[in-house]
$ cat my_file34.cif   # mmCIF, N, CA and C atoms
data_input
loop_
_atom_site.label_atom_id
_atom_site.label_comp_id
_atom_site.auth_asym_id
_atom_site.auth_seq_id
_atom_site.Cartn_x
_atom_site.Cartn_y
_atom_site.Cartn_z
N VAL A 4 5.34 -14.97 -19.41
CA VAL A 4 6.12 -13.86 -18.89
C VAL A 4 5.53 -12.52 -19.36
N ASN A 5 5.14 -12.42 -20.61
CA ASN A 5 4.58 -11.16 -21.11
C ASN A 5 3.30 -10.79 -20.37
N GLU A 6 2.46 -11.78 -20.05
CA GLU A 6 1.23 -11.50 -19.31
C GLU A 6 1.55 -11.02 -17.90
N PHE A 7 2.59 -11.60 -17.30
CA PHE A 7 3.00 -11.19 -15.95
C PHE A 7 3.50 -9.74 -15.96
N VAL A 8 4.31 -9.39 -16.94
CA VAL A 8 4.80 -8.02 -17.07
C VAL A 8 3.63 -7.07 -17.28
N LEU A 9 2.66 -7.46 -18.09
CA LEU A 9 1.47 -6.64 -18.31
C LEU A 9 0.72 -6.40 -17.00
N LYS A 10 0.60 -7.44 -16.18
CA LYS A 10 -0.08 -7.28 -14.89
C LYS A 10 0.67 -6.31 -13.98
N ILE A 11 1.98 -6.38 -13.98
CA ILE A 11 2.78 -5.45 -13.17
C ILE A 11 2.58 -4.02 -13.66
N ILE A 12 2.54 -3.83 -14.96
CA ILE A 12 2.29 -2.50 -15.52
C ILE A 12 0.90 -2.02 -15.13
N GLN A 13 -0.09 -2.91 -15.14
CA GLN A 13 -1.44 -2.54 -14.74
C GLN A 13 -1.50 -2.14 -13.27
N ILE A 14 -0.77 -2.86 -12.43
CA ILE A 14 -0.71 -2.50 -11.01
C ILE A 14 -0.08 -1.12 -10.85
N PHE A 15 0.99 -0.88 -11.59
CA PHE A 15 1.64 0.44 -11.54
C PHE A 15 0.66 1.54 -11.97
N ASP A 16 -0.05 1.31 -13.06
CA ASP A 16 -1.02 2.31 -13.54
C ASP A 16 -2.09 2.59 -12.49
N CYS A 17 -2.55 1.54 -11.80
CA CYS A 17 -3.54 1.73 -10.73
C CYS A 17 -2.93 2.52 -9.57
N LYS A 18 -1.67 2.23 -9.26
CA LYS A 18 -0.99 2.94 -8.18
C LYS A 18 -0.88 4.42 -8.48
N VAL A 19 -0.61 4.75 -9.72
CA VAL A 19 -0.48 6.15 -10.12
C VAL A 19 -1.84 6.85 -10.07
N ALA A 20 -2.90 6.14 -10.43
CA ALA A 20 -4.22 6.75 -10.53
C ALA A 20 -4.97 6.81 -9.20
N ARG A 21 -4.60 5.98 -8.23
CA ARG A 21 -5.36 5.87 -6.98
C ARG A 21 -4.45 6.05 -5.78
N HIS A 22 -5.04 6.46 -4.65
CA HIS A 22 -4.29 6.62 -3.40
C HIS A 22 -3.99 5.29 -2.74
N GLY A 23 -4.84 4.32 -2.92
CA GLY A 23 -4.65 3.00 -2.31
C GLY A 23 -5.17 1.93 -3.24
N ASN A 24 -4.61 0.76 -3.15
CA ASN A 24 -4.98 -0.32 -4.05
C ASN A 24 -5.10 -1.63 -3.30
N MET A 25 -5.97 -2.48 -3.82
CA MET A 25 -6.07 -3.85 -3.33
C MET A 25 -5.85 -4.76 -4.53
N ILE A 26 -5.08 -5.80 -4.31
CA ILE A 26 -4.87 -6.80 -5.35
C ILE A 26 -5.55 -8.07 -4.86
N VAL A 27 -6.54 -8.52 -5.59
CA VAL A 27 -7.29 -9.70 -5.18
C VAL A 27 -7.23 -10.74 -6.28
N GLY A 28 -7.36 -11.99 -5.88
CA GLY A 28 -7.36 -13.07 -6.85
C GLY A 28 -7.17 -14.40 -6.17
N LYS A 29 -7.16 -15.43 -6.96
CA LYS A 29 -7.03 -16.79 -6.44
C LYS A 29 -5.64 -17.03 -5.85
N THR A 30 -5.58 -17.99 -4.96
CA THR A 30 -4.31 -18.42 -4.39
C THR A 30 -3.39 -18.90 -5.51
N GLY A 31 -2.14 -18.46 -5.47
CA GLY A 31 -1.16 -18.90 -6.45
C GLY A 31 -1.22 -18.16 -7.78
N ALA A 32 -2.03 -17.11 -7.86
CA ALA A 32 -2.18 -16.38 -9.12
C ALA A 32 -1.01 -15.43 -9.38
N GLY A 33 -0.19 -15.16 -8.37
CA GLY A 33 0.97 -14.30 -8.55
C GLY A 33 0.80 -12.89 -8.01
N LYS A 34 -0.20 -12.69 -7.17
CA LYS A 34 -0.46 -11.35 -6.61
C LYS A 34 0.74 -10.83 -5.83
N SER A 35 1.23 -11.61 -4.90
CA SER A 35 2.36 -11.18 -4.06
C SER A 35 3.62 -10.98 -4.88
N VAL A 36 3.88 -11.89 -5.79
CA VAL A 36 5.08 -11.77 -6.63
C VAL A 36 4.98 -10.52 -7.49
N ALA A 37 3.80 -10.21 -7.98
CA ALA A 37 3.63 -9.04 -8.85
C ALA A 37 3.90 -7.74 -8.10
N TRP A 38 3.27 -7.54 -6.94
CA TRP A 38 3.48 -6.26 -6.24
C TRP A 38 4.89 -6.17 -5.66
N LYS A 39 5.46 -7.30 -5.26
CA LYS A 39 6.84 -7.27 -4.75
C LYS A 39 7.83 -6.96 -5.87
N THR A 40 7.57 -7.49 -7.06
CA THR A 40 8.42 -7.20 -8.22
C THR A 40 8.34 -5.72 -8.57
N LEU A 41 7.13 -5.17 -8.59
CA LEU A 41 6.95 -3.75 -8.87
C LEU A 41 7.65 -2.90 -7.81
N THR A 42 7.53 -3.28 -6.55
CA THR A 42 8.19 -2.54 -5.47
C THR A 42 9.70 -2.54 -5.66
N ARG A 43 10.27 -3.70 -5.96
CA ARG A 43 11.73 -3.78 -6.18
C ARG A 43 12.15 -2.92 -7.36
N ALA A 44 11.38 -2.95 -8.44
CA ALA A 44 11.72 -2.15 -9.62
C ALA A 44 11.67 -0.66 -9.30
N MET A 45 10.66 -0.24 -8.56
CA MET A 45 10.53 1.18 -8.22
C MET A 45 11.65 1.62 -7.27
N LYS A 46 12.01 0.76 -6.33
CA LYS A 46 13.13 1.08 -5.42
C LYS A 46 14.43 1.19 -6.20
N LYS A 47 14.62 0.29 -7.15
CA LYS A 47 15.84 0.29 -7.96
C LYS A 47 15.93 1.57 -8.80
N LEU A 48 14.80 2.00 -9.37
CA LEU A 48 14.79 3.24 -10.14
C LEU A 48 15.17 4.43 -9.26
N LYS A 49 14.64 4.46 -8.04
CA LYS A 49 14.97 5.56 -7.12
C LYS A 49 16.45 5.55 -6.76
N GLU A 50 17.00 4.36 -6.54
CA GLU A 50 18.42 4.24 -6.18
C GLU A 50 19.33 4.67 -7.33
N THR A 51 18.97 4.30 -8.55
CA THR A 51 19.83 4.60 -9.69
C THR A 51 19.63 6.02 -10.23
N HIS A 52 18.52 6.66 -9.86
CA HIS A 52 18.24 8.04 -10.29
C HIS A 52 17.79 8.87 -9.09
N PRO A 53 18.67 9.07 -8.09
CA PRO A 53 18.25 9.72 -6.85
C PRO A 53 17.78 11.17 -7.02
N GLY A 54 18.25 11.86 -8.03
CA GLY A 54 17.85 13.25 -8.23
C GLY A 54 16.58 13.42 -9.04
N ASN A 55 16.09 12.35 -9.63
CA ASN A 55 14.90 12.43 -10.48
C ASN A 55 13.64 12.32 -9.62
N GLU A 56 12.85 13.38 -9.59
CA GLU A 56 11.65 13.39 -8.75
C GLU A 56 10.53 12.51 -9.29
N ASN A 57 10.69 11.99 -10.51
CA ASN A 57 9.70 11.05 -11.04
C ASN A 57 9.76 9.71 -10.32
N TYR A 58 10.88 9.44 -9.66
CA TYR A 58 11.05 8.19 -8.93
C TYR A 58 11.01 8.47 -7.44
N GLN A 59 10.06 7.91 -6.75
CA GLN A 59 9.86 8.15 -5.33
C GLN A 59 10.16 6.89 -4.52
N ARG A 60 10.43 7.09 -3.23
CA ARG A 60 10.59 5.95 -2.33
C ARG A 60 9.28 5.19 -2.25
N VAL A 61 9.39 3.90 -2.01
CA VAL A 61 8.22 3.04 -1.93
C VAL A 61 8.02 2.60 -0.49
N HIS A 62 6.81 2.76 -0.01
CA HIS A 62 6.44 2.28 1.32
C HIS A 62 5.26 1.33 1.15
N VAL A 63 5.39 0.13 1.66
CA VAL A 63 4.32 -0.86 1.55
C VAL A 63 3.78 -1.14 2.94
N TYR A 64 2.48 -1.08 3.07
CA TYR A 64 1.80 -1.42 4.32
C TYR A 64 0.82 -2.54 4.00
N THR A 65 1.12 -3.72 4.48
CA THR A 65 0.27 -4.87 4.21
C THR A 65 -0.63 -5.11 5.41
N ILE A 66 -1.92 -5.21 5.16
CA ILE A 66 -2.90 -5.41 6.23
C ILE A 66 -3.73 -6.64 5.89
N ASN A 67 -3.92 -7.51 6.86
CA ASN A 67 -4.84 -8.63 6.70
C ASN A 67 -6.14 -8.24 7.39
N PRO A 68 -7.15 -7.82 6.64
CA PRO A 68 -8.39 -7.35 7.26
C PRO A 68 -9.12 -8.43 8.04
N LEU A 69 -8.86 -9.69 7.72
CA LEU A 69 -9.53 -10.78 8.44
C LEU A 69 -8.97 -10.96 9.84
N ALA A 70 -7.79 -10.40 10.10
CA ALA A 70 -7.16 -10.55 11.42
C ALA A 70 -7.55 -9.43 12.37
N LEU A 71 -8.34 -8.46 11.90
CA LEU A 71 -8.69 -7.30 12.71
C LEU A 71 -10.20 -7.14 12.82
N SER A 72 -10.63 -6.64 13.95
CA SER A 72 -12.05 -6.28 14.09
C SER A 72 -12.27 -4.95 13.35
N ASN A 73 -13.52 -4.59 13.13
CA ASN A 73 -13.82 -3.30 12.50
C ASN A 73 -13.26 -2.15 13.33
N ASP A 74 -13.39 -2.24 14.65
CA ASP A 74 -12.86 -1.18 15.51
C ASP A 74 -11.35 -1.07 15.39
N GLU A 75 -10.66 -2.21 15.33
CA GLU A 75 -9.20 -2.20 15.18
C GLU A 75 -8.80 -1.65 13.81
N MET A 76 -9.57 -1.96 12.79
CA MET A 76 -9.24 -1.53 11.44
C MET A 76 -9.53 -0.05 11.23
N TYR A 77 -10.73 0.39 11.60
CA TYR A 77 -11.17 1.75 11.26
C TYR A 77 -11.13 2.73 12.43
N GLY A 78 -11.16 2.22 13.65
CA GLY A 78 -11.23 3.07 14.82
C GLY A 78 -12.62 3.00 15.43
N CYS A 79 -12.78 3.62 16.60
CA CYS A 79 -14.09 3.57 17.25
C CYS A 79 -14.25 4.75 18.21
N PHE A 80 -15.51 5.04 18.50
CA PHE A 80 -15.87 6.11 19.41
C PHE A 80 -16.38 5.49 20.70
N ASP A 81 -15.79 5.88 21.82
CA ASP A 81 -16.22 5.37 23.13
C ASP A 81 -17.35 6.26 23.64
N GLN A 82 -18.55 5.70 23.75
CA GLN A 82 -19.72 6.46 24.19
C GLN A 82 -19.56 6.97 25.62
N ALA A 83 -18.87 6.22 26.46
CA ALA A 83 -18.73 6.61 27.87
C ALA A 83 -17.79 7.80 28.04
N THR A 84 -16.67 7.78 27.34
CA THR A 84 -15.67 8.85 27.51
C THR A 84 -15.74 9.91 26.41
N HIS A 85 -16.52 9.64 25.38
CA HIS A 85 -16.61 10.52 24.21
C HIS A 85 -15.24 10.75 23.57
N GLU A 86 -14.45 9.69 23.53
CA GLU A 86 -13.13 9.77 22.91
C GLU A 86 -13.08 8.84 21.70
N TRP A 87 -12.38 9.32 20.70
CA TRP A 87 -12.16 8.52 19.50
C TRP A 87 -10.82 7.81 19.61
N THR A 88 -10.78 6.55 19.22
CA THR A 88 -9.54 5.78 19.15
C THR A 88 -9.31 5.42 17.69
N ASP A 89 -8.18 5.85 17.15
CA ASP A 89 -7.87 5.55 15.75
C ASP A 89 -7.67 4.06 15.55
N GLY A 90 -8.03 3.60 14.37
CA GLY A 90 -7.73 2.25 13.95
C GLY A 90 -6.42 2.22 13.19
N ILE A 91 -6.05 1.04 12.75
CA ILE A 91 -4.77 0.87 12.06
C ILE A 91 -4.70 1.68 10.77
N LEU A 92 -5.81 1.79 10.05
CA LEU A 92 -5.79 2.56 8.80
C LEU A 92 -5.48 4.03 9.04
N ALA A 93 -6.11 4.61 10.04
CA ALA A 93 -5.85 6.03 10.35
C ALA A 93 -4.40 6.23 10.77
N ARG A 94 -3.86 5.32 11.56
CA ARG A 94 -2.46 5.46 12.00
C ARG A 94 -1.50 5.35 10.82
N ILE A 95 -1.77 4.39 9.94
CA ILE A 95 -0.91 4.23 8.76
C ILE A 95 -0.98 5.47 7.88
N MET A 96 -2.18 5.96 7.62
CA MET A 96 -2.33 7.14 6.76
C MET A 96 -1.66 8.37 7.38
N ARG A 97 -1.82 8.54 8.67
CA ARG A 97 -1.19 9.68 9.34
C ARG A 97 0.33 9.60 9.23
N ASN A 98 0.89 8.42 9.46
CA ASN A 98 2.34 8.25 9.35
C ASN A 98 2.81 8.45 7.92
N ALA A 99 2.05 7.95 6.96
CA ALA A 99 2.43 8.09 5.55
C ALA A 99 2.41 9.55 5.13
N CYS A 100 1.43 10.30 5.58
CA CYS A 100 1.33 11.72 5.24
C CYS A 100 2.43 12.54 5.91
N ARG A 101 2.86 12.11 7.08
CA ARG A 101 3.90 12.82 7.83
C ARG A 101 5.28 12.58 7.21
N ASP A 102 5.49 11.39 6.62
CA ASP A 102 6.79 11.02 6.06
C ASP A 102 7.02 11.78 4.76
N GLU A 103 8.04 12.62 4.73
CA GLU A 103 8.32 13.42 3.55
C GLU A 103 9.44 12.83 2.70
N SER A 104 9.89 11.64 3.02
CA SER A 104 10.98 11.05 2.23
C SER A 104 10.46 10.34 1.00
#
$ encode --input "my_file34.cif" --output "structure tokens"
Amino acid sequence: VNEFVLKIIQIFDCKVARHGNMIVGKTGAGKSVAWKTLTRAMKKLKETHPGNENYQRVHVYTINPLALSNDEMYGCFDQATHEWTDGILARIMRNACRDES
């Protein structure tokens, strides 16, 4: 249990230091349980301390990169029309930046 709590704290520290994070590891290592536990804890802190700006709403965007082509993931430029089509990452980032909650 102590090692699991340490991993959750490490994930939190990475979240604070970086704009985006990936959690990788073997199947059954506890990756999903760790980030979901951290998410629940952060949501609970926001609910119990709504006026404290140190606690923010949590938004999770889960992407399976193996299910998307590079064009779907990152976007692409159409040589014929000279138009750019955003990929899923650009759409998620744009929506996240627009959301002020």
$ residues_around --input "my_file34.cif" --residues "range 9-26 of chain A" --least-positions-apart "6" --cutoff "7 Å" --atoms "only N, CA and C atoms" --output "ChimeraX atom specification"
/A:34,37-38,41
$ atom_distance --input "my_file34.cif" --atom1 "CA of Lys29 in chain A" --atom2 "atom N of Asp74 in chain A"
26.4 Å
$ atom_distance --input "my_file34.cif" --atom1 "atom C of Leu71 in chain A" --atom2 "CA of Leu92 in chain A"
11.4 Å
$ residues_around --input "my_file34.cif" --residues "Arg60 in chain A" --least-positions-apart "2" --cutoff "8 Å" --atoms "all atoms listed in the file" --output "PyMOL selection string"
chain A and resi 45-46+49-50+57-58+62-63+104
$ write_last_selection --input "my_file34.cif" --atoms "N, CA and C atoms" --output "PDB file, keeping the file's coordinate frame"
ATOM      1  N   MET A  45      10.660  -0.240  -8.560  1.00  0.00           N
ATOM      2  CA  MET A  45      10.530   1.180  -8.220  1.00  0.00           C
ATOM      3  C   MET A  45      11.650   1.620  -7.270  1.00  0.00           C
ATOM      4  N   LYS A  46      12.010   0.760  -6.330  1.00  0.00           N
ATOM      5  CA  LYS A  46      13.130   1.080  -5.420  1.00  0.00           C
ATOM      6  C   LYS A  46      14.430   1.190  -6.200  1.00  0.00           C
ATOM      7  N   LYS A  49      14.640   4.460  -8.040  1.00  0.00           N
ATOM      8  CA  LYS A  49      14.970   5.560  -7.120  1.00  0.00           C
ATOM      9  C   LYS A  49      16.450   5.550  -6.760  1.00  0.00           C
ATOM     10  N   GLU A  50      17.000   4.360  -6.540  1.00  0.00           N
ATOM     11  CA  GLU A  50      18.420   4.240  -6.180  1.00  0.00           C
ATOM     12  C   GLU A  50      19.330   4.670  -7.330  1.00  0.00           C
ATOM     13  N   ASN A  57      10.690  11.990 -10.510  1.00  0.00           N
ATOM     14  CA  ASN A  57       9.700  11.050 -11.040  1.00  0.00           C
ATOM     15  C   ASN A  57       9.760   9.710 -10.320  1.00  0.00           C
ATOM     16  N   TYR A  58      10.880   9.440  -9.660  1.00  0.00           N
ATOM     17  CA  TYR A  58      11.050   8.190  -8.930  1.00  0.00           C
ATOM     18  C   TYR A  58      11.010   8.470  -7.440  1.00  0.00           C
ATOM     19  N   HIS A  62       6.810   2.760  -0.010  1.00  0.00           N
ATOM     20  CA  HIS A  62       6.440   2.280   1.320  1.00  0.00           C
ATOM     21  C   HIS A  62       5.260   1.330   1.150  1.00  0.00           C
ATOM     22  N   VAL A  63       5.390   0.130   1.660  1.00  0.00           N
ATOM     23  CA  VAL A  63       4.320  -0.860   1.550  1.00  0.00           C
ATOM     24  C   VAL A  63       3.780  -1.140   2.940  1.00  0.00           C
ATOM     25  N   SER A 104       9.890  11.640   3.020  1.00  0.00           N
ATOM     26  CA  SER A 104      10.980  11.050   2.230  1.00  0.00           C
ATOM     27  C   SER A 104      10.460  10.340   1.000  1.00  0.00           C
TER      28      SER A 104
END
$ atom_distance --input "my_file34.cif" --atom1 "CA of Gly31 in chain A" --atom2 "CA of Met96 in chain A"
29.2 Å
$ select_by_dssp --input "my_file34.cif" --residues "chain A" --states "strand (DSSP E or B)" --output "list in words"
Gly78, Cys79, Phe80, Asp81, Glu86, Trp87, Thr88 and Asp89 of chain A
$ closest_residue --input "my_file34.cif" --among "A:Val8, A:Pro53, A:Asp102, A:Tyr64" --to "Thr40 in chain A" --atoms "only C-alpha atoms"
A:Val8
$ residues_near_point --input "my_file34.cif" --point "(-4.9, 3.5, 10.2)" --cutoff "8 Å" --atoms "all atoms listed in the file" --output "compact mmCIF listing (two decimals) with N, CA and C atoms, keeping the file's coordinate frame"
# COMPACT_ATOMS: atom_id res chain seq x y z
N GLU A 75 -10.66 -2.21 15.33
CA GLU A 75 -9.20 -2.20 15.18
C GLU A 75 -8.80 -1.65 13.81
N MET A 76 -9.57 -1.96 12.79
CA MET A 76 -9.24 -1.53 11.44
C MET A 76 -9.53 -0.05 11.23
N TYR A 77 -10.73 0.39 11.60
CA TYR A 77 -11.17 1.75 11.26
C TYR A 77 -11.13 2.73 12.43
N GLY A 78 -11.16 2.22 13.65
CA GLY A 78 -11.23 3.07 14.82
C GLY A 78 -12.62 3.00 15.43
N ASP A 89 -8.18 5.85 17.15
CA ASP A 89 -7.87 5.55 15.75
C ASP A 89 -7.67 4.06 15.55
N GLY A 90 -8.03 3.60 14.37
CA GLY A 90 -7.73 2.25 13.95
C GLY A 90 -6.42 2.22 13.19
N ILE A 91 -6.05 1.04 12.75
CA ILE A 91 -4.77 0.87 12.06
C ILE A 91 -4.70 1.68 10.77
N LEU A 92 -5.81 1.79 10.05
CA LEU A 92 -5.79 2.56 8.80
C LEU A 92 -5.48 4.03 9.04
N ALA A 93 -6.11 4.61 10.04
CA ALA A 93 -5.85 6.03 10.35
C ALA A 93 -4.40 6.23 10.77
N ARG A 94 -3.86 5.32 11.56
CA ARG A 94 -2.46 5.46 12.00
C ARG A 94 -1.50 5.35 10.82
N ILE A 95 -1.77 4.39 9.94
CA ILE A 95 -0.91 4.23 8.76
C ILE A 95 -0.98 5.47 7.88
N MET A 96 -2.18 5.96 7.62
CA MET A 96 -2.33 7.14 6.76
C MET A 96 -1.66 8.37 7.38
N ARG A 97 -1.82 8.54 8.67
CA ARG A 97 -1.19 9.68 9.34
C ARG A 97 0.33 9.60 9.23
N ASN A 98 0.89 8.42 9.46
CA ASN A 98 2.34 8.25 9.35
C ASN A 98 2.81 8.45 7.92
$ decode --input "my_file34.cif" --residues "range 56-72 of chain A" --atoms "C-alpha atoms" --output "CSV table (one decimal), in the first residue's frame"
chain,number,residue,atom,x,y,z
A,56,GLU,CA,-7.8,28.0,-5.8
A,57,ASN,CA,-5.1,25.4,-5.0
A,58,TYR,CA,-7.7,22.7,-5.8
A,59,GLN,CA,-8.8,22.7,-9.5
A,60,ARG,CA,-11.3,20.7,-11.4
A,61,VAL,CA,-9.9,17.6,-13.0
A,62,HIS,CA,-10.5,16.8,-16.7
A,63,VAL,CA,-9.2,13.4,-18.0
A,64,TYR,CA,-8.8,12.7,-21.7
A,65,THR,CA,-7.8,9.2,-22.4
A,66,ILE,CA,-6.5,8.4,-25.9
A,67,ASN,CA,-5.5,5.0,-27.3
A,68,PRO,CA,-2.9,6.0,-29.9
A,69,LEU,CA,-2.9,2.5,-31.4
A,70,ALA,CA,-6.6,3.0,-32.5
A,71,LEU,CA,-5.8,6.2,-34.5
A,72,SER,CA,-3.8,6.9,-37.6
